[in-house]
Each structure stands twice: as structure tokens, then as C-alpha cells.
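> This is the content of query.pdb (PDB, C-alpha atoms):
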ATOM      1  CA  MET A 130     121.581 142.987 129.187
ATOM      2  CA  GLU A 131     124.865 141.823 130.778
ATOM      3  CA  SER A 132     124.777 138.631 132.783
ATOM      4  CA  VAL A 133     123.783 138.930 136.421
ATOM      5  CA  ILE A 134     123.773 136.744 139.492
ATOM      6  CA  ILE A 135     120.637 136.607 141.578
ATOM      7  CA  GLY A 136     121.673 137.065 145.197
ATOM      8  CA  ILE A 137     119.394 136.174 148.088
ATOM      9  CA  ASP A 138     119.859 136.978 151.757
ATOM     10  CA  LEU A 139     117.469 134.670 153.634
ATOM     11  CA  GLY A 140     117.316 135.942 157.190
ATOM     12  CA  GLY A 141     115.229 135.043 160.191
ATOM     13  CA  THR A 142     112.888 137.974 159.530
ATOM     14  CA  ASN A 143     113.282 139.071 155.914
ATOM     15  CA  LEU A 144     114.300 137.609 152.578
ATOM     16  CA  ARG A 145     116.147 140.084 150.360
ATOM     17  CA  ILE A 146     116.668 139.392 146.672
ATOM     18  CA  GLY A 147     118.412 141.327 143.918
ATOM     19  CA  ALA A 148     120.170 140.958 140.585
ATOM     20  CA  VAL A 149     123.877 141.806 140.899
ATOM     21  CA  THR A 150     126.021 142.921 137.973
ATOM     22  CA  PRO A 151     129.708 141.996 137.466
ATOM     23  CA  ASP A 152     130.505 145.464 138.894
ATOM     24  CA  ASN A 153     128.665 144.496 142.108
ATOM     25  CA  GLU A 154     125.778 146.859 141.509
ATOM     26  CA  MET A 155     122.505 145.605 142.933
ATOM     27  CA  LEU A 156     119.564 146.072 140.581
ATOM     28  CA  THR A 157     115.875 146.280 141.575
ATOM     29  CA  PRO A 158     116.134 144.837 145.109
ATOM     30  CA  SER A 159     113.049 143.383 146.734
ATOM     31  CA  VAL A 160     112.229 142.424 150.342
ATOM     32  CA  ILE A 161     109.610 139.969 151.573
ATOM     33  CA  ARG A 162     108.962 138.270 154.902
ATOM     34  CA  SER A 163     110.925 135.078 155.463
ATOM     35  CA  SER A 164     107.781 133.542 156.944
ATOM     36  CA  VAL A 165     106.506 133.203 153.366
ATOM     37  CA  VAL A 166     109.173 130.530 152.912
ATOM     38  CA  ALA A 167     109.148 129.135 156.442
ATOM     39  CA  GLU A 168     105.403 128.501 156.519
ATOM     40  CA  ALA A 169     105.071 127.158 152.983
ATOM     41  CA  PRO A 170     104.158 123.457 152.593
ATOM     42  CA  ARG A 171     107.210 123.043 150.292
ATOM     43  CA  PRO A 172     109.741 125.756 151.217
ATOM     44  CA  ILE A 173     112.242 125.054 148.424
ATOM     45  CA  GLU A 174     109.489 125.257 145.814
ATOM     46  CA  LYS A 175     108.446 128.557 147.373
ATOM     47  CA  ILE A 176     111.985 129.912 146.954
ATOM     48  CA  CYS A 177     111.848 128.911 143.281
ATOM     49  CA  GLU A 178     108.515 130.725 142.940
ATOM     50  CA  ILE A 179     109.952 133.864 144.530
ATOM     51  CA  ILE A 180     112.894 133.824 142.113
ATOM     52  CA  GLU A 181     110.584 133.244 139.117
ATOM     53  CA  GLU A 182     108.337 136.119 140.170
ATOM     54  CA  TYR A 183     111.313 138.390 140.734
ATOM     55  CA  LYS A 184     112.729 137.609 137.294
ATOM     56  CA  LYS A 185     109.370 138.163 135.607
ATOM     57  CA  GLU A 186     108.525 141.420 137.400
ATOM     58  CA  ASN A 187     111.957 142.908 136.692
ATOM     59  CA  LYS A 188     112.485 141.401 133.225
ATOM     60  CA  ILE A 189     115.665 139.624 134.345
ATOM     61  CA  GLU A 190     116.772 137.129 131.708
ATOM     62  CA  ASN A 191     120.528 136.554 131.518
ATOM     63  CA  VAL A 192     121.135 134.911 134.912
ATOM     64  CA  GLU A 193     124.531 133.276 135.367
ATOM     65  CA  ALA A 194     123.923 131.742 138.803
ATOM     66  CA  ILE A 195     121.816 131.921 141.959
ATOM     67  CA  SER A 196     123.480 132.427 145.340
ATOM     68  CA  ILE A 197     121.729 132.242 148.714
ATOM     69  CA  GLY A 198     122.969 133.235 152.164
ATOM     70  CA  VAL A 199     121.361 131.528 155.155
ATOM     71  CA  PRO A 200     121.643 132.100 158.939
ATOM     72  CA  SER A 201     123.182 128.694 159.459
ATOM     73  CA  SER A 202     126.366 126.746 159.031
ATOM     74  CA  VAL A 203     126.631 125.236 155.546
ATOM     75  CA  GLU A 204     128.480 122.062 154.616
ATOM     76  CA  ASN A 205     131.602 122.434 152.502
ATOM     77  CA  ASP A 206     129.739 121.385 149.367
ATOM     78  CA  LYS A 207     128.144 124.872 149.591
ATOM     79  CA  GLU A 208     124.786 123.262 148.940
ATOM     80  CA  THR A 209     123.689 121.670 152.217
ATOM     81  CA  VAL A 210     122.268 123.702 155.101
ATOM     82  CA  ILE A 211     123.099 122.179 158.504
ATOM     83  CA  CYS A 212     120.275 123.701 160.585
ATOM     84  CA  THR A 213     118.437 127.029 160.236
ATOM     85  CA  THR A 214     117.462 127.494 163.874
ATOM     86  CA  ASN A 215     116.215 131.039 163.170
ATOM     87  CA  ILE A 216     113.914 129.987 160.308
ATOM     88  CA  CYS A 217     111.171 127.816 161.743
ATOM     89  CA  ASP A 218     107.731 126.680 160.640
ATOM     90  CA  GLU A 219     104.494 127.312 162.526
ATOM     91  CA  ASN A 220     105.340 124.464 164.905
ATOM     92  CA  GLY A 221     108.718 125.933 165.796
ATOM     93  CA  LYS A 222     110.675 123.322 163.834
ATOM     94  CA  ALA A 223     113.727 124.388 161.828
ATOM     95  CA  VAL A 224     112.735 124.437 158.152
ATOM     96  CA  PHE A 225     116.078 123.294 156.785
ATOM     97  CA  THR A 226     118.024 120.628 158.705
ATOM     98  CA  HIS A 227     120.826 118.837 156.827
ATOM     99  CA  THR A 228     118.981 119.844 153.668
ATOM    100  CA  ASN A 229     120.542 120.159 150.221
ATOM    101  CA  LEU A 230     118.964 123.494 149.382
ATOM    102  CA  ALA A 231     120.791 123.944 146.073
ATOM    103  CA  LYS A 232     119.866 120.696 144.305
ATOM    104  CA  ASP A 233     116.168 121.309 143.548
ATOM    105  CA  ILE A 234     116.733 124.990 142.758
ATOM    106  CA  ARG A 235     119.529 124.081 140.349
ATOM    107  CA  GLU A 236     117.343 121.478 138.649
ATOM    108  CA  HIS A 237     114.514 123.986 138.344
ATOM    109  CA  PHE A 238     116.566 126.791 136.766
ATOM    110  CA  GLN A 239     119.327 124.734 135.129
ATOM    111  CA  ILE A 240     122.089 127.069 136.303
ATOM    112  CA  PRO A 241     124.656 126.859 139.147
ATOM    113  CA  VAL A 242     123.292 127.444 142.653
ATOM    114  CA  TYR A 243     125.440 128.176 145.723
ATOM    115  CA  ILE A 244     124.559 128.282 149.406
ATOM    116  CA  ASN A 245     126.699 130.051 151.993
ATOM    117  CA  ASN A 246     126.494 131.218 155.577
ATOM    118  CA  ASP A 247     125.092 134.755 155.607
ATOM    119  CA  VAL A 248     127.898 136.170 157.756
ATOM    120  CA  ASN A 249     130.488 134.765 155.335
ATOM    121  CA  ASN A 250     128.711 136.631 152.544
ATOM    122  CA  ILE A 251     128.600 139.873 154.506
ATOM    123  CA  LEU A 252     132.319 139.656 155.264
ATOM    124  CA  ILE A 253     133.007 139.059 151.567
ATOM    125  CA  TYR A 254     130.997 142.211 150.791
ATOM    126  CA  ASP A 255     132.917 144.245 153.380
ATOM    127  CA  ILE A 256     136.253 143.039 152.018
ATOM    128  CA  VAL A 257     135.382 143.897 148.415
ATOM    129  CA  SER A 258     133.729 147.233 149.180
ATOM    130  CA  ASN A 259     136.712 148.340 151.286
ATOM    131  CA  HIS A 260     139.376 146.940 148.895
ATOM    132  CA  LEU A 261     140.937 144.581 151.436
ATOM    133  CA  GLU A 262     141.423 141.676 149.027
ATOM    134  CA  ASN A 263     145.227 141.640 149.383
ATOM    135  CA  GLN A 264     145.341 141.408 153.168
ATOM    136  CA  LYS A 265     146.483 138.108 154.677
ATOM    137  CA  VAL A 266     144.033 137.654 157.578
ATOM    138  CA  ILE A 267     140.683 139.380 158.045
ATOM    139  CA  VAL A 268     138.370 138.650 160.965
ATOM    140  CA  GLY A 269     134.727 139.737 160.787
ATOM    141  CA  ILE A 270     132.506 139.625 163.864
ATOM    142  CA  TYR A 271     128.901 140.764 163.561
ATOM    143  CA  ILE A 272     126.846 141.264 166.704
ATOM    144  CA  GLY A 273     123.166 141.433 165.856
ATOM    145  CA  THR A 274     120.454 139.408 167.536
ATOM    146  CA  GLY A 275     123.200 136.830 168.089
ATOM    147  CA  VAL A 276     126.902 136.680 167.251
ATOM    148  CA  GLY A 277     128.213 135.696 163.840
ATOM    149  CA  ALA A 278     131.811 135.395 162.718
ATOM    150  CA  SER A 279     133.834 134.730 159.595
ATOM    151  CA  VAL A 280     137.543 134.612 158.850
ATOM    152  CA  VAL A 281     139.305 135.000 155.492
ATOM    153  CA  ILE A 282     142.921 133.857 155.171
ATOM    154  CA  ASP A 283     144.896 134.515 151.992
ATOM    155  CA  GLY A 284     141.691 135.402 150.173
ATOM    156  CA  ARG A 285     139.787 132.255 151.114
ATOM    157  CA  PRO A 286     137.150 131.830 153.836
ATOM    158  CA  LEU A 287     138.205 129.515 156.650
ATOM    159  CA  GLU A 288     136.385 126.169 156.455
ATOM    160  CA  GLY A 289     136.183 123.449 159.074
ATOM    161  CA  LYS A 290     136.003 119.722 158.387
ATOM    162  CA  ASN A 291     132.256 119.787 157.755
ATOM    163  CA  GLY A 292     131.464 123.492 157.431
ATOM    164  CA  ALA A 293     130.311 123.993 161.018
ATOM    165  CA  GLU A 294     133.219 126.247 161.931
ATOM    166  CA  LEU A 295     133.183 129.566 163.797
ATOM    167  CA  ASP A 296     129.869 129.214 165.612
ATOM    168  CA  LEU A 297     131.235 131.967 167.792
ATOM    169  CA  GLY A 298     127.987 132.864 169.519
ATOM    170  CA  HIS A 299     128.022 129.501 171.252
ATOM    171  CA  ILE A 300     131.553 129.469 172.608
ATOM    172  CA  PRO A 301     131.046 129.331 176.390
ATOM    173  CA  TYR A 302     132.208 131.944 178.827
ATOM    174  CA  PHE A 303     134.130 130.195 181.600
ATOM    175  CA  GLY A 304     131.845 129.990 184.611
ATOM    176  CA  GLY A 305     128.855 131.367 182.727
ATOM    177  CA  ASP A 306     125.541 129.915 183.840
ATOM    178  CA  GLU A 307     123.001 131.785 181.732
ATOM    179  CA  VAL A 308     120.852 129.397 179.704
ATOM    180  CA  CYS A 309     121.177 129.978 175.951
ATOM    181  CA  SER A 310     118.445 129.448 173.373
ATOM    182  CA  CYS A 311     120.588 126.604 171.984
ATOM    183  CA  GLY A 312     120.117 124.667 175.219
ATOM    184  CA  LYS A 313     123.668 125.104 176.544
ATOM    185  CA  LYS A 314     124.705 127.331 179.433
ATOM    186  CA  GLY A 315     127.072 130.286 179.348
ATOM    187  CA  CYS A 316     127.288 130.881 175.580
ATOM    188  CA  CYS A 317     128.800 134.262 174.741
ATOM    189  CA  GLU A 318     125.499 135.294 173.104
ATOM    190  CA  CYS A 319     124.064 135.297 176.628
ATOM    191  CA  TYR A 320     126.347 138.226 177.473
ATOM    192  CA  ALA A 321     127.205 139.958 174.166
ATOM    193  CA  SER A 322     124.301 140.107 171.721
ATOM    194  CA  GLY A 323     121.297 142.114 170.664
ATOM    195  CA  TRP A 324     118.973 139.993 172.730
ATOM    196  CA  ARG A 325     121.181 140.578 175.790
ATOM    197  CA  LEU A 326     120.956 144.307 175.125
ATOM    198  CA  GLN A 327     117.174 143.945 175.052
ATOM    199  CA  GLN A 328     117.318 142.184 178.429
ATOM    200  CA  ILE A 329     119.354 145.075 179.844
ATOM    201  CA  ARG A 330     116.845 147.560 178.479
ATOM    202  CA  GLN A 331     113.899 145.680 179.967
ATOM    203  CA  GLU A 332     115.590 145.326 183.351
ATOM    204  CA  TYR A 333     117.124 148.773 183.775
ATOM    205  CA  TYR A 334     115.762 151.151 181.145
ATOM    206  CA  PRO A 335     112.247 150.079 180.112
ATOM    207  CA  ASP A 336     111.338 153.597 178.998
ATOM    208  CA  THR A 337     114.294 153.912 176.625
ATOM    209  CA  PRO A 338     113.836 152.848 172.977
ATOM    210  CA  ILE A 339     116.430 150.237 172.056
ATOM    211  CA  GLN A 340     117.879 152.551 169.379
ATOM    212  CA  GLU A 341     118.744 155.128 172.064
ATOM    213  CA  MET A 342     120.407 152.849 174.599
ATOM    214  CA  PHE A 343     123.955 154.030 173.918
ATOM    215  CA  THR A 344     122.917 157.649 173.453
ATOM    216  CA  ARG A 345     121.345 157.802 176.892
ATOM    217  CA  HIS A 346     123.118 155.219 179.017
ATOM    218  CA  ARG A 347     126.566 154.337 177.692
ATOM    219  CA  GLU A 348     128.269 155.878 180.754
ATOM    220  CA  GLU A 349     126.280 153.701 183.149
ATOM    221  CA  ARG A 350     127.410 150.376 184.615
ATOM    222  CA  PRO A 351     125.026 147.986 182.760
ATOM    223  CA  LEU A 352     126.094 149.344 179.359
ATOM    224  CA  LYS A 353     129.776 149.472 180.293
ATOM    225  CA  GLU A 354     129.639 145.807 181.325
ATOM    226  CA  PHE A 355     127.870 144.983 178.080
ATOM    227  CA  ILE A 356     130.601 146.689 176.037
ATOM    228  CA  LYS A 357     133.252 144.719 177.957
ATOM    229  CA  ALA A 358     131.429 141.489 177.120
ATOM    230  CA  CYS A 359     131.314 142.405 173.433
ATOM    231  CA  ALA A 360     134.979 143.406 173.447
ATOM    232  CA  HIS A 361     135.908 140.048 175.020
ATOM    233  CA  VAL A 362     134.580 138.222 171.945
ATOM    234  CA  TYR A 363     136.704 140.314 169.591
ATOM    235  CA  ALA A 364     139.788 140.029 171.803
ATOM    236  CA  VAL A 365     139.628 136.226 171.767
ATOM    237  CA  MET A 366     139.422 136.150 167.962
ATOM    238  CA  ALA A 367     142.166 138.747 167.547
ATOM    239  CA  THR A 368     144.445 136.734 169.834
ATOM    240  CA  ILE A 369     143.824 133.534 167.869
ATOM    241  CA  PHE A 370     144.176 134.916 164.351
ATOM    242  CA  ASN A 371     146.667 137.830 164.538
ATOM    243  CA  PRO A 372     144.644 139.703 161.858
ATOM    244  CA  ASP A 373     145.481 142.547 159.532
ATOM    245  CA  THR A 374     141.969 143.927 160.067
ATOM    246  CA  VAL A 375     139.102 143.256 162.438
ATOM    247  CA  ILE A 376     135.748 144.169 160.943
ATOM    248  CA  VAL A 377     133.171 145.227 163.526
ATOM    249  CA  GLY A 378     129.601 144.874 162.328
ATOM    250  CA  GLY A 379     126.039 143.904 163.047
ATOM    251  CA  GLY A 380     123.067 145.783 164.410
ATOM    252  CA  VAL A 381     124.638 146.490 167.815
ATOM    253  CA  PRO A 382     127.885 148.236 166.718
ATOM    254  CA  GLU A 383     125.902 150.050 164.012
ATOM    255  CA  MET A 384     123.615 151.667 166.614
ATOM    256  CA  ALA A 385     123.780 155.407 167.246
ATOM    257  CA  ASP A 386     126.544 156.476 169.640
ATOM    258  CA  PHE A 387     128.058 153.032 170.033
ATOM    259  CA  PRO A 388     131.168 153.838 172.149
ATOM    260  CA  LYS A 389     133.847 152.867 169.651
ATOM    261  CA  GLU A 390     136.816 154.272 171.574
ATOM    262  CA  GLU A 391     135.865 152.532 174.810
ATOM    263  CA  PHE A 392     135.152 149.315 172.916
ATOM    264  CA  GLU A 393     138.517 149.355 171.106
ATOM    265  CA  ASN A 394     140.372 150.085 174.346
ATOM    266  CA  GLU A 395     138.748 147.033 175.916
ATOM    267  CA  VAL A 396     139.585 144.836 172.929
ATOM    268  CA  ASN A 397     143.202 146.006 172.922
ATOM    269  CA  ARG A 398     143.542 145.526 176.679
ATOM    270  CA  ASN A 399     142.355 141.913 176.490
ATOM    271  CA  THR A 400     144.087 140.815 173.274
ATOM    272  CA  GLY A 401     147.297 138.791 173.634
ATOM    273  CA  LYS A 402     150.433 140.887 174.019
ATOM    274  CA  ASP A 403     152.241 139.218 171.115
ATOM    275  CA  VAL A 404     149.429 140.178 168.749
ATOM    276  CA  MET A 405     149.218 143.685 170.162
ATOM    277  CA  SER A 406     152.941 144.200 169.637
ATOM    278  CA  TYR A 407     152.026 144.317 165.930
ATOM    279  CA  GLY A 408     148.472 145.620 166.248
ATOM    280  CA  PHE A 409     145.664 145.507 163.705
ATOM    281  CA  ASP A 410     143.212 147.846 162.042
ATOM    282  CA  TYR A 411     139.563 148.273 162.972
ATOM    283  CA  LEU A 412     136.978 148.701 160.242
ATOM    284  CA  TYR A 413     133.312 149.334 161.059
ATOM    285  CA  SER A 414     130.843 147.751 158.685
ATOM    286  CA  GLN A 415     128.347 150.302 157.380
ATOM    287  CA  GLU A 416     124.618 149.686 157.487
ATOM    288  CA  PHE A 417     123.368 148.771 154.006
ATOM    289  CA  VAL A 418     120.464 146.445 153.202
ATOM    290  CA  GLY A 419     122.218 144.972 150.176
ATOM    291  CA  LYS A 420     125.329 143.626 151.932
ATOM    292  CA  GLY A 421     124.114 140.034 152.056
ATOM    293  CA  VAL A 422     122.732 140.108 148.507
ATOM    294  CA  ILE A 423     125.888 141.518 146.916
ATOM    295  CA  GLY A 424     128.109 139.341 149.109
ATOM    296  CA  ALA A 425     126.198 136.265 147.927
ATOM    297  CA  ALA A 426     126.803 137.252 144.305
ATOM    298  CA  VAL A 427     130.522 137.860 144.872
ATOM    299  CA  PHE A 428     130.765 134.456 146.561
ATOM    300  CA  ALA A 429     129.103 132.797 143.551
ATOM    301  CA  ARG A 430     131.565 134.445 141.169
ATOM    302  CA  MET A 431     134.456 133.228 143.335
ATOM    303  CA  ARG A 432     133.141 129.669 143.002
ATOM    304  CA  LEU A 433     132.453 129.982 139.289
ATOM    305  CA  TYR A 434     135.923 131.372 138.632
ATOM    306  CA  ARG A 435     137.547 128.645 140.721
ATOM    307  CA  LYS A 436     135.925 125.983 138.540
ATOM    308  CA  LYS A 437     137.095 127.490 135.247
TER     309      LYS A 437
END
Reformat the file's structure so that it appears as C-alpha cells.


Amino acid sequence: MESVIIGIDLGGTNLRIGAVTPDNEMLTPSVIRSSVVAEAPRPIEKICEIIEEYKKENKIENVEAISIGVPSSVENDKETVICTTNICDENGKAVFTHTNLAKDIREHFQIPVYINNDVNNILIYDIVSNHLENQKVIVGIYIGTGVGASVVIDGRPLEGKNGAELDLGHIPYFGGDEVCSCGKKGCCECYASGWRLQQIRQEYYPDTPIQEMFTRHREERPLKEFIKACAHVYAVMATIFNPDTVIVGGGVPEMADFPKEEFENEVNRNTGKDVMSYGFDYLYSQEFVGKGVIGAAVFARMRLYRKK
């Protein structure tokens, strides 16, 4: 069997794992609840157990590396998780805080192990699957429960001094006074996020399933204001980065009847005029459960190749 990379997408709800070939084909994917890791007495050992079981059940032998995406900023060593606020134990405490997640897994399996922010991995997947590798600047913004962002410039993901860059969901709206789950007030997630959409549903449309919000109510004021709030986030990033392509993704834009034309008009209207004199392309990320797994594997190969 050709060598594979085991990719893992460790989310707040589910952990997805799969073996990924050099052609970016995901073999025998598996999904388990993330709580299995979060509530384990020794979470890193539990991740090792999950990988061992996956390899045994699927007869996976020739593993080149292990690559894990987490819903957290990751230090530039691509080993240390800063704080997984969405993966908490039974007491509500973040499971991984300034934790080198790669070290023990690497020692257990004796192969390279890489850790990356999950949104970075998803953007890498979207770039590869849509053949955008030669573009200069690509901005990916993914509105799901919260807001995640990633930027690739000249083929390399943007990195801050410590790896805590682009925490876009917690950039404040000027004058915003809504209290965010992070403890601050006015974060953009308070106005443009999946949990804000749930608040709108509960307040105005309690009888409408969340999946049908845009189908039934996109012409009404609460949803139009919500779309403007989402567009504001993209307009700010487009103005800053002057991108070739803006990738629009996450559970909210992937919902049925999301008003793409209205959304794009709002983004264009609020983006800086200098940027709009050149324009940029929109690309909508397609729903696919393996994005994070394959993106993790592509990221690992990028790191392996860089070292050779």
C-alpha cells in the first residue's frame, strides 16, 4: 500500500479521522464524538488510542505522518495548542491550554506529527481542490458557530509572531455592547455567526427550523441585517488584503437559499474603493465532511516537503 498521512479534524462536537493518499483521496473515514477525548483522564493518550484503533480496524500500515486540526490558534512550532475553548472537560475547563499536543503523539508513533488551526486546514483544502495554488492572496472566512479566518499569501499561510493571528471572530464592532462568550463586548461573532442566527430564530421565528431560515425569511428585516453583519466581516478583510479570491464558507453560507447576490452586493459596497477598482473573485466552499481531514494531510505534506 502507498504511504498515507492520517488526518484528524478535532472539532468541538466531532472528531473525524481518515487516511489520505498522496492524491488527496480520503480512505475509510471515521467519525466519533469529541467528548471521548475531552472527558478522558489523559486526552492525549486517548487520541493515540483512537489512532491505533483506526489503523488496526482499517489495516493501515504505511503511515508517513499524523496531522491534526484543532479549533484553536496554534503556536508557530505547529505543535502547541494555545487554548481549545470549544473542547472542554466535564468541568467546563479547556482541555488543551498552551499544550504541546504533538510531542507525546510523535513519541508514541515515532513519525512526524503536525498540529494546525482547523480553519487553516480547510482553506488549504479549498485552495487545492479548486486549483488556486498560483494565486497571490487568498482570504478564507468561514462562518459557522463562530467566525474563523485564514489568509494565504504567495502559497504560505499568514503567521503572526506567536501563531495567534486572525482571531477574526473577536475583532470588536465599534460601539458594540453585546457580551461575547470570550468575555469581551461587541465581538463580531455577536452579530455575524451561527449562534447569532440561532438567537434571531429564537426571538423572531421560533417555529422555523434553523435550516429553513433563509428559505422562509431572507426578505425580512432581521435576516437582512444579519446578512449585512456577515458582509461587514468580509469587507474588512477584503479591504485589508486586496485578495485574488475570497472564499466564503462555513455552516451559515452553506445553508439552503443563502442570499449570495445580496451578500456579495453588501461586501462590494463596503469594501475599500481602491480594492474594488481591481475587484476579486468569490468562491463558495462546498459542504464536505472530509475538508478538515484532507486539509490536515495536505498541510503535513507541505511541512514535510519544506524540510527536505

> What are the closest atom pairs, with distances in Å to one decimal, for all residues of range 226-343 of chain A lying within 9 Å of range 155-174 of chain A? Consider all atoms listed in the file, order rows by chain and residue number, and present the result as a Markdown table.


| residue | atom | partner | partner_atom | distance |
| --- | --- | --- | --- | --- |
| A:Leu230 | CA | A:Ile173 | CA | 7.0 |
| A:Ala231 | CA | A:Ile173 | CA | 8.9 |
| A:Asp233 | CA | A:Ile173 | CA | 7.3 |
| A:Ile234 | CA | A:Ile173 | CA | 7.2 |

> Can you spell out as an MDAnalysis selection string the set of residues that the PyMOL selection byres ((chain A and resi 432) around 12) selects in the structure I just provided?

chainID A and resid 194:196 206:207 241:245 285:286 425:431 433:437

> With only C-alpha atoms as the basis for distance, which of A:Thr213, A:Ser258, A:Asn143, A:Ser201 is at the shortest distance from Lys420 in chain A?

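Closest to Lys420 in chain A, using only C-alpha atoms: A:Ser258.
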
> For Gly141 in chain A, which residue among A:Thr214, A:Asn259, A:Asn229, A:Asn153 is the nearest when counting only C-alpha atoms?

A:Thr214

> Nearest residue to Glu395 in chain A out of A:Val381, A:Val192, A:Val362, A:Ile369, using only C-alpha atoms?

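Ranked by minimum distance to Glu395 in chain A, first place goes to A:Val362.
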
> Tell me which of A:Asp336, A:Glu178, A:Glu318, A:Asp247 sits closest to Leu297 in chain A, counting only C-alpha atoms.

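Of all the options, A:Glu318 lies closest to Leu297 in chain A.
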
> Enter the distance from CA of Lys402 in chain A to CA of Tyr363 in chain A, in Å, rounded to one decimal.

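A separation of 14.4 Å between them.
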
> Between CA of Ala360 in chain A and CA of Phe392 in chain A, what is the spacing in Å?

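Interatomic distance here is 5.9 Å.
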
> Could you jot down the CA of Pro388 in chain A to CA of Gly304 in chain A separation for me, Å, one decimal place?

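So the answer is 26.9 Å.
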
> Using only C-alpha atoms, can you tell me which of A:Ile216, A:Glu154, A:Ala148, A:Gln327 comes closest to Tyr183 in chain A?

A:Ala148

> With all atoms listed in the file as the basis for distance, which of A:Ile339, A:Val396, A:Ile211, A:Val149 is at the shortest distance from Gly380 in chain A?

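Of all the options, A:Ile339 lies closest to Gly380 in chain A.
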
> Just say which residues the PyMOL selection byres ((chain A and resi 393) around 12) picks in this file, as an MDAnalysis selection string.

chainID A and resid 356:357 359:364 367 375:377 382 387:392 394:400 408:413

> Using the chain letters and numbers from this file, what does the PyMOL selection byres ((chain A and resi 210) around 6) select? Give the answer as a list in words.

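Those residues are Val203, Thr209, Ile211, Cys212, His227 and Thr228 of chain A.
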
> Assuming 4 Å of padding per side, give the centre and edge lengths of the axis-aligned box around every listed atom of range 397-410 of chain A, in Å to one decimal and as lines of an AutoDock Vina configuration file.


center_x = 147.6
center_y = 143.3
center_z = 169.4
size_x = 18.6
size_y = 17.1
size_z = 22.6

> What's around Ile251 in chain A at 7 Å? Count only C-alpha atoms, leave out sequence neighbours fewer than 3 positions away in its own chain, and write the answer as a PyMOL selection string.

chain A and resi 247-248+254-255+420-421+424

> Please provide as a list in words all residues within 7 Å of Gly292 in chain A, with the sequence filter that same-chain residues fewer than 3 positions apart are discarded (counting only C-alpha atoms).

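The residues that qualify are Ser202, Val203, Glu204, Asn205, Glu288 and Gly289 of chain A.
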